[in-house]
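Working notes, beginning with the structure itself.
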Amino acid sequence: VPSYITISRQTLKNQFELPIFFYLLILILLIFDNITQIDIILSWVFVISRYIHCYIRLGYHNIIHRAYIFEIGMFVLIIWWIVFFYNVL
């Protein structure tokens, strides 16, 4: 299997790992109908981090840069969940 197909397949698979928690939080926020400005900002930061992650993966494939962007996205998602639980409780 050519390497570009393997990389593309792995990149697509990555979109169903960490972003699952993003999709779940979006669904919960829509159900509660309690979306704030911070929710919008954090969601865009997370989405942008995922696009950059894919660009690095499919582009120049620097593992250090990719890990850094992944950590930013994960940190944003953790903070967002904490903010959500703080607002709900």
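In the structure tokens, the first chain shown is A, the next is B, and so on; residue numbers restart at 1 for each chain, and ligands run from 1 in the order shown.
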
Worksheet item: Which of chain A counts as alpha helix (DSSP H) under DSSP, as a PyMOL selection string please?
Response: chain A and resi 3-14+19-32+37-58+63-88

Worksheet item: Do you know which residues are at most 12 Å from Asp39 of chain A counting only C-alpha atoms, after dropping those on the same chain fewer than 6 positions away, and could you put them as a list in words?
Response: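 In the requested form, the answer reads Phe22, Leu25, Ile26, Ile28, Leu29, Leu30, Asp33, Val45, Phe46, Val76, Leu77, Ile79, Trp80, Trp81, Ile82, Val83, Phe84 and Asn87 of chain A.
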
Could you please take those selected residues and save all heavy atoms as a short mmCIF file (atom, residue, chain, number, x, y, z; two decimals), in the first residue's frame?
data_model
loop_
_atom_site.label_atom_id
_atom_site.label_comp_id
_atom_site.auth_asym_id
_atom_site.auth_seq_id
_atom_site.Cartn_x
_atom_site.Cartn_y
_atom_site.Cartn_z
N PHE A 22 -15.57 16.15 21.39
CA PHE A 22 -16.04 17.44 20.87
C PHE A 22 -17.48 17.31 20.39
O PHE A 22 -18.34 18.12 20.76
CB PHE A 22 -15.13 17.90 19.73
CG PHE A 22 -15.62 19.08 18.96
CD1 PHE A 22 -15.49 20.36 19.47
CD2 PHE A 22 -16.22 18.91 17.72
CE1 PHE A 22 -15.93 21.46 18.75
CE2 PHE A 22 -16.66 20.00 17.00
CZ PHE A 22 -16.52 21.28 17.52
N LEU A 25 -19.87 16.95 23.33
CA LEU A 25 -20.09 18.20 24.04
C LEU A 25 -20.99 19.14 23.25
O LEU A 25 -21.87 19.79 23.82
CB LEU A 25 -18.75 18.88 24.35
CG LEU A 25 -18.82 20.15 25.20
CD1 LEU A 25 -19.57 19.91 26.51
CD2 LEU A 25 -17.42 20.65 25.47
N ILE A 26 -20.79 19.21 21.96
CA ILE A 26 -21.67 20.03 21.11
C ILE A 26 -23.12 19.55 21.23
O ILE A 26 -24.05 20.35 21.38
CB ILE A 26 -21.21 19.98 19.64
CG1 ILE A 26 -19.86 20.67 19.46
CG2 ILE A 26 -22.25 20.59 18.71
CD1 ILE A 26 -19.89 22.15 19.67
N ILE A 28 -24.54 17.90 23.71
CA ILE A 28 -25.05 18.22 25.04
C ILE A 28 -25.38 19.70 25.15
O ILE A 28 -26.42 20.07 25.71
CB ILE A 28 -24.04 17.78 26.12
CG1 ILE A 28 -23.94 16.27 26.16
CG2 ILE A 28 -24.45 18.32 27.49
CD1 ILE A 28 -22.80 15.74 27.01
N LEU A 29 -24.51 20.55 24.62
CA LEU A 29 -24.78 21.99 24.67
C LEU A 29 -26.05 22.34 23.90
O LEU A 29 -26.83 23.21 24.32
CB LEU A 29 -23.59 22.77 24.11
CG LEU A 29 -22.37 22.86 25.01
CD1 LEU A 29 -21.20 23.45 24.25
CD2 LEU A 29 -22.66 23.67 26.25
N LEU A 30 -26.25 21.69 22.77
CA LEU A 30 -27.48 21.96 22.00
C LEU A 30 -28.72 21.47 22.74
O LEU A 30 -29.76 22.11 22.70
CB LEU A 30 -27.38 21.30 20.62
CG LEU A 30 -26.38 21.95 19.67
CD1 LEU A 30 -26.24 21.11 18.40
CD2 LEU A 30 -26.77 23.36 19.34
N ASP A 33 -29.39 23.84 25.44
CA ASP A 33 -29.65 25.16 24.87
C ASP A 33 -29.01 26.26 25.72
O ASP A 33 -29.64 27.24 26.09
CB ASP A 33 -31.15 25.39 24.73
CG ASP A 33 -31.46 26.58 23.83
OD1 ASP A 33 -30.65 26.87 22.93
OD2 ASP A 33 -32.51 27.23 24.04
N VAL A 45 -11.38 27.26 18.35
CA VAL A 45 -9.97 26.96 18.59
C VAL A 45 -9.71 25.47 18.40
O VAL A 45 -8.72 25.08 17.79
CB VAL A 45 -9.54 27.43 20.00
CG1 VAL A 45 -8.15 26.93 20.34
CG2 VAL A 45 -9.61 28.94 20.11
N PHE A 46 -10.63 24.64 18.90
CA PHE A 46 -10.47 23.19 18.73
C PHE A 46 -10.52 22.80 17.26
O PHE A 46 -9.68 22.03 16.78
CB PHE A 46 -11.54 22.42 19.51
CG PHE A 46 -11.41 20.94 19.37
CD1 PHE A 46 -10.43 20.26 20.07
CD2 PHE A 46 -12.25 20.23 18.53
CE1 PHE A 46 -10.29 18.88 19.93
CE2 PHE A 46 -12.11 18.87 18.38
CZ PHE A 46 -11.13 18.19 19.08
N VAL A 76 -7.62 22.45 25.06
CA VAL A 76 -8.82 23.26 24.84
C VAL A 76 -10.07 22.44 25.14
O VAL A 76 -11.00 22.92 25.81
CB VAL A 76 -8.86 23.81 23.40
CG1 VAL A 76 -10.24 24.35 23.03
CG2 VAL A 76 -7.81 24.88 23.22
N LEU A 77 -10.09 21.21 24.70
CA LEU A 77 -11.26 20.35 24.94
C LEU A 77 -11.43 20.06 26.43
O LEU A 77 -12.57 20.08 26.93
CB LEU A 77 -11.10 19.05 24.14
CG LEU A 77 -12.35 18.24 23.90
CD1 LEU A 77 -13.44 19.06 23.22
CD2 LEU A 77 -12.03 17.02 23.05
N ILE A 79 -10.40 21.95 28.96
CA ILE A 79 -10.86 23.21 29.56
C ILE A 79 -12.34 23.43 29.27
O ILE A 79 -13.12 23.83 30.14
CB ILE A 79 -10.03 24.41 29.05
CG1 ILE A 79 -8.59 24.29 29.52
CG2 ILE A 79 -10.64 25.73 29.47
CD1 ILE A 79 -8.41 24.31 31.01
N TRP A 80 -12.75 23.14 28.05
CA TRP A 80 -14.14 23.33 27.66
C TRP A 80 -15.07 22.43 28.46
O TRP A 80 -16.13 22.86 28.91
CB TRP A 80 -14.27 23.07 26.17
CG TRP A 80 -15.54 23.54 25.54
CD1 TRP A 80 -16.52 24.30 26.09
CD2 TRP A 80 -15.96 23.27 24.22
NE1 TRP A 80 -17.52 24.51 25.20
CE2 TRP A 80 -17.20 23.89 24.03
CE3 TRP A 80 -15.40 22.57 23.16
CZ2 TRP A 80 -17.90 23.82 22.84
CZ3 TRP A 80 -16.10 22.51 21.98
CH2 TRP A 80 -17.34 23.12 21.82
N TRP A 81 -14.69 21.17 28.67
CA TRP A 81 -15.50 20.26 29.50
C TRP A 81 -15.57 20.77 30.93
O TRP A 81 -16.63 20.70 31.57
CB TRP A 81 -14.95 18.84 29.45
CG TRP A 81 -15.45 18.06 28.29
CD1 TRP A 81 -14.80 17.82 27.12
CD2 TRP A 81 -16.71 17.39 28.18
NE1 TRP A 81 -15.59 17.06 26.28
CE2 TRP A 81 -16.76 16.78 26.92
CE3 TRP A 81 -17.81 17.27 29.02
CZ2 TRP A 81 -17.86 16.05 26.48
CZ3 TRP A 81 -18.91 16.54 28.59
CH2 TRP A 81 -18.92 15.94 27.33
N ILE A 82 -14.47 21.29 31.46
CA ILE A 82 -14.47 21.83 32.83
C ILE A 82 -15.41 23.02 32.91
O ILE A 82 -16.20 23.15 33.86
CB ILE A 82 -13.03 22.20 33.25
CG1 ILE A 82 -12.20 20.93 33.44
CG2 ILE A 82 -13.04 23.04 34.53
CD1 ILE A 82 -10.72 21.17 33.62
N VAL A 83 -15.35 23.90 31.94
CA VAL A 83 -16.24 25.07 31.90
C VAL A 83 -17.70 24.60 31.82
O VAL A 83 -18.57 25.13 32.52
CB VAL A 83 -15.89 25.99 30.70
CG1 VAL A 83 -16.98 27.02 30.45
CG2 VAL A 83 -14.56 26.66 30.93
N PHE A 84 -17.97 23.61 31.00
CA PHE A 84 -19.33 23.09 30.87
C PHE A 84 -19.84 22.55 32.22
O PHE A 84 -20.94 22.90 32.65
CB PHE A 84 -19.39 21.99 29.81
CG PHE A 84 -20.68 21.21 29.82
CD1 PHE A 84 -21.85 21.79 29.35
CD2 PHE A 84 -20.71 19.94 30.34
CE1 PHE A 84 -23.04 21.09 29.38
CE2 PHE A 84 -21.90 19.22 30.36
CZ PHE A 84 -23.06 19.80 29.89
N ASN A 87 -20.56 25.31 34.66
CA ASN A 87 -21.80 26.02 34.37
C ASN A 87 -23.04 25.20 34.68
O ASN A 87 -24.07 25.76 35.06
CB ASN A 87 -21.83 26.47 32.91
CG ASN A 87 -20.85 27.58 32.63
OD1 ASN A 87 -20.46 28.32 33.52
ND2 ASN A 87 -20.43 27.69 31.38
#

Item to complete: Work out how far atom CA of Cys54 of chain A is from atom CA of Phe75 of chain A, in Å to one decimal.
Response: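 Distance between the two atoms: 17.4 Å.
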
Practice prompt. Find the spatial neighbours of Tyr68 of chain A, counting only C-alpha atoms, within a cut-off of 12 Å - ignore same-chain residues fewer than 3 positions away - and output them as JSON, numbers by chain.
Written response: {"A": [49, 50, 52, 53, 56, 62, 63, 64, 65, 71, 72, 73, 74, 75]}

Item to complete: In Å, rounded to a single decimal, give me how far atom CA of Val1 of chain A is from atom CA of Phe16 of chain A.
Response: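 The value is 22.1 Å.
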
Item to complete: List the neighbours of segment 6-9 of chain A out to 12 Å using only C-alpha atoms; skip same-chain residues closer than 4 positions along the sequence, and give me the result as a PyMOL selection string.
Response: chain A and resi 1-2+13-16+54-61

Serialized selection, N, CA, C and O atoms, as a PDB file, in the first residue's frame:
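Final file, selection.pdb:
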ATOM      1  N   VAL A   1       0.854  -1.173   0.000  1.00  0.00           N
ATOM      2  CA  VAL A   1       0.000   0.000   0.000  1.00  0.00           C
ATOM      3  C   VAL A   1       0.900   1.238   0.000  1.00  0.00           C
ATOM      4  O   VAL A   1       1.796   1.348   0.834  1.00  0.00           O
ATOM      5  N   PRO A   2       0.658   2.159  -0.913  1.00  0.00           N
ATOM      6  CA  PRO A   2       1.466   3.380  -0.957  1.00  0.00           C
ATOM      7  C   PRO A   2       1.367   4.169   0.356  1.00  0.00           C
ATOM      8  O   PRO A   2       0.337   4.165   1.026  1.00  0.00           O
ATOM      9  N   LYS A  13      -8.786   8.342  10.412  1.00  0.00           N
ATOM     10  CA  LYS A  13      -9.039   7.619  11.669  1.00  0.00           C
ATOM     11  C   LYS A  13      -8.878   8.545  12.868  1.00  0.00           C
ATOM     12  O   LYS A  13      -9.653   8.466  13.830  1.00  0.00           O
ATOM     13  N   ASN A  14      -7.893   9.442  12.814  1.00  0.00           N
ATOM     14  CA  ASN A  14      -7.675  10.380  13.911  1.00  0.00           C
ATOM     15  C   ASN A  14      -8.879  11.291  14.142  1.00  0.00           C
ATOM     16  O   ASN A  14      -9.102  11.753  15.248  1.00  0.00           O
ATOM     17  N   GLN A  15      -9.641  11.537  13.084  1.00  0.00           N
ATOM     18  CA  GLN A  15     -10.806  12.409  13.206  1.00  0.00           C
ATOM     19  C   GLN A  15     -11.957  11.756  13.967  1.00  0.00           C
ATOM     20  O   GLN A  15     -12.958  12.397  14.250  1.00  0.00           O
ATOM     21  N   PHE A  16     -11.820  10.490  14.300  1.00  0.00           N
ATOM     22  CA  PHE A  16     -12.859   9.792  15.060  1.00  0.00           C
ATOM     23  C   PHE A  16     -12.361   9.370  16.433  1.00  0.00           C
ATOM     24  O   PHE A  16     -12.952   8.505  17.067  1.00  0.00           O
ATOM     25  N   CYS A  54      -4.287  18.089  10.754  1.00  0.00           N
ATOM     26  CA  CYS A  54      -4.408  17.369   9.474  1.00  0.00           C
ATOM     27  C   CYS A  54      -3.436  17.912   8.439  1.00  0.00           C
ATOM     28  O   CYS A  54      -2.829  17.143   7.684  1.00  0.00           O
ATOM     29  N   TYR A  55      -3.286  19.228   8.391  1.00  0.00           N
ATOM     30  CA  TYR A  55      -2.362  19.841   7.437  1.00  0.00           C
ATOM     31  C   TYR A  55      -0.935  19.352   7.680  1.00  0.00           C
ATOM     32  O   TYR A  55      -0.221  19.000   6.737  1.00  0.00           O
ATOM     33  N   ILE A  56      -0.544  19.334   8.940  1.00  0.00           N
ATOM     34  CA  ILE A  56       0.808  18.864   9.269  1.00  0.00           C
ATOM     35  C   ILE A  56       0.949  17.393   8.914  1.00  0.00           C
ATOM     36  O   ILE A  56       1.956  16.969   8.342  1.00  0.00           O
ATOM     37  N   ARG A  57      -0.063  16.605   9.238  1.00  0.00           N
ATOM     38  CA  ARG A  57      -0.011  15.164   8.970  1.00  0.00           C
ATOM     39  C   ARG A  57       0.092  14.879   7.467  1.00  0.00           C
ATOM     40  O   ARG A  57       0.862  14.032   7.041  1.00  0.00           O
ATOM     41  N   LEU A  58      -0.723  15.564   6.692  1.00  0.00           N
ATOM     42  CA  LEU A  58      -0.742  15.305   5.251  1.00  0.00           C
ATOM     43  C   LEU A  58       0.314  16.099   4.488  1.00  0.00           C
ATOM     44  O   LEU A  58       0.651  15.746   3.364  1.00  0.00           O
ATOM     45  N   GLY A  59       0.817  17.154   5.120  1.00  0.00           N
ATOM     46  CA  GLY A  59       1.803  18.007   4.456  1.00  0.00           C
ATOM     47  C   GLY A  59       3.222  17.578   4.759  1.00  0.00           C
ATOM     48  O   GLY A  59       3.706  16.564   4.278  1.00  0.00           O
ATOM     49  N   TYR A  60       3.864  18.325   5.610  1.00  0.00           N
ATOM     50  CA  TYR A  60       5.283  18.093   5.855  1.00  0.00           C
ATOM     51  C   TYR A  60       5.555  17.088   6.968  1.00  0.00           C
ATOM     52  O   TYR A  60       6.685  16.695   7.191  1.00  0.00           O
ATOM     53  N   HIS A  61       4.559  16.672   7.705  1.00  0.00           N
ATOM     54  CA  HIS A  61       4.591  15.531   8.628  1.00  0.00           C
ATOM     55  C   HIS A  61       5.703  15.639   9.675  1.00  0.00           C
ATOM     56  O   HIS A  61       6.502  14.727   9.858  1.00  0.00           O
TER      57      HIS A  61
END
